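Everything below concerns the one structure shown next.
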Amino acid sequence: MKIPLNHRLSASEVIYLIKCVLGTITCYALYASFPEYPFYWSIISCLLVFSQENDRELALNRIKANFLGSFVGLAVYFLPIPQVVMFCLGVALTISLGIFLKIEPTIRSALAAVTIVIINEDKADTAWVVALQRAGCVLLGCLIALTISMFFNRLYKAFFNRPV
């Protein structure tokens, strides 16, 4: 395999890189400022939204997928069933609803979100708070990614008279 040494980054690759770094910095700032909350999940969620193609529709569908996964995760989390059944039910519901909502290309993002919300190492009676915090952090990561994407779309449109 030959590695091209003279490869230059395209404009869309540079924009993708900058968006990912800005999203990471923003979410990490929350994580560092509020260590009692699981904002590290925001970083993952934010990065899952961006696409190298800078496709607005794909980014919006990934946000929908993250919302879907978070809500399904919360819905099944409170069922009095074994955790393995909870995971299987969450995965099955997420895939089914993703197909129904016609966001098939982004179902992997939804599956990541449902897993993030359901995972529970804490067996205390208040562990449900962790699920709510994780869902909130996933959704916040999506909102941060949306804000950054909207900023770049406006910036790109202002300079080149077309959206990214």
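Simple scheme: letters A, B, ... for chains in structure tokens order, numbers from 1 for residues in each chain, numbers from 1 for ligands in the order shown.
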
Nearby residues (only C-alpha atoms) at most 10 Å from range 105-107 of chain A, same-chain spacing under 2 positions excluded, as a VMD selection string: chain A and resid 48 to 49 58 to 66 68 to 69 91 94 to 99 102 to 103 109 to 113

Would you mind exporting C-alpha atoms of the selected residues as a PDB file, in the first residue's frame?
```pdb
ATOM      1  CA  LEU A  48     -20.984  11.407  15.998  1.00  0.00           C
ATOM      2  CA  VAL A  49     -23.110  14.194  14.522  1.00  0.00           C
ATOM      3  CA  LEU A  58     -26.991  13.704   7.428  1.00  0.00           C
ATOM      4  CA  ALA A  59     -26.064  15.812  10.465  1.00  0.00           C
ATOM      5  CA  LEU A  60     -29.757  16.485  11.221  1.00  0.00           C
ATOM      6  CA  ASN A  61     -30.551  12.784  10.853  1.00  0.00           C
ATOM      7  CA  ARG A  62     -27.697  11.935  13.236  1.00  0.00           C
ATOM      8  CA  ILE A  63     -29.145  14.390  15.745  1.00  0.00           C
ATOM      9  CA  LYS A  64     -32.562  12.753  15.346  1.00  0.00           C
ATOM     10  CA  ALA A  65     -30.872   9.382  15.836  1.00  0.00           C
ATOM     11  CA  ASN A  66     -29.185  10.521  19.040  1.00  0.00           C
ATOM     12  CA  LEU A  68     -34.171   8.589  19.410  1.00  0.00           C
ATOM     13  CA  GLY A  69     -31.497   6.494  21.133  1.00  0.00           C
ATOM     14  CA  VAL A  91     -31.438  -2.141  20.427  1.00  0.00           C
ATOM     15  CA  THR A  94     -34.043   1.736  18.279  1.00  0.00           C
ATOM     16  CA  ILE A  95     -33.484  -0.121  15.013  1.00  0.00           C
ATOM     17  CA  SER A  96     -37.230  -0.531  14.395  1.00  0.00           C
ATOM     18  CA  LEU A  97     -38.002   3.119  15.106  1.00  0.00           C
ATOM     19  CA  GLY A  98     -34.994   4.259  13.060  1.00  0.00           C
ATOM     20  CA  ILE A  99     -36.284   2.301  10.070  1.00  0.00           C
ATOM     21  CA  LYS A 102     -36.404   6.614   7.681  1.00  0.00           C
ATOM     22  CA  ILE A 103     -33.068   7.458   9.304  1.00  0.00           C
ATOM     23  CA  SER A 109     -25.555   6.877  16.226  1.00  0.00           C
ATOM     24  CA  ALA A 110     -28.887   5.948  17.801  1.00  0.00           C
ATOM     25  CA  LEU A 111     -27.456   2.631  18.989  1.00  0.00           C
ATOM     26  CA  ALA A 112     -24.503   4.439  20.566  1.00  0.00           C
ATOM     27  CA  ALA A 113     -26.906   6.770  22.391  1.00  0.00           C
TER      28      ALA A 113
END
```

Selection near Ile118 in chain A, 8 Å with only C-alpha atoms, sequence-local residues under 3 positions removed, as number ranges by chain: A: 73-74, 76-77, 86-87, 114-115, 131

Selected residue of minimal separation from Ile144 in chain A among A:Val72, A:Ile116, A:Val85, A:Leu22, counting only C-alpha atoms: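 Of A:Val72, A:Ile116, A:Val85, A:Leu22, the one nearest Ile144 in chain A is A:Leu22, counting only C-alpha atoms.
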
Å distance separating CA of Thr24 in chain A from CA of Ile43 in chain A, one decimal place: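 These two atoms are separated by 5.6 Å.
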
Given only C-alpha atoms as the counted atoms, nearest of A:Cys46, A:Leu101, A:Leu132, A:Leu9 to Thr147 in chain A: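 When distances to Thr147 in chain A are compared using only C-alpha atoms, the smallest one comes from A:Cys46.
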
Interatomic distance (Å, one decimal) between CA of Leu140 in chain A and CA of Phe67 in chain A: 10.1 Å

Alpha helix (DSSP H) call set, DSSP backbone run, chain A, as a PyMOL selection string: chain A and resi 11-33+40-49+56-77+83-100+107-118+128-160

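Pairwise distance (CA of Gly141 in chain A, CA of Ala92 in chain A) equals 23.9 Å.
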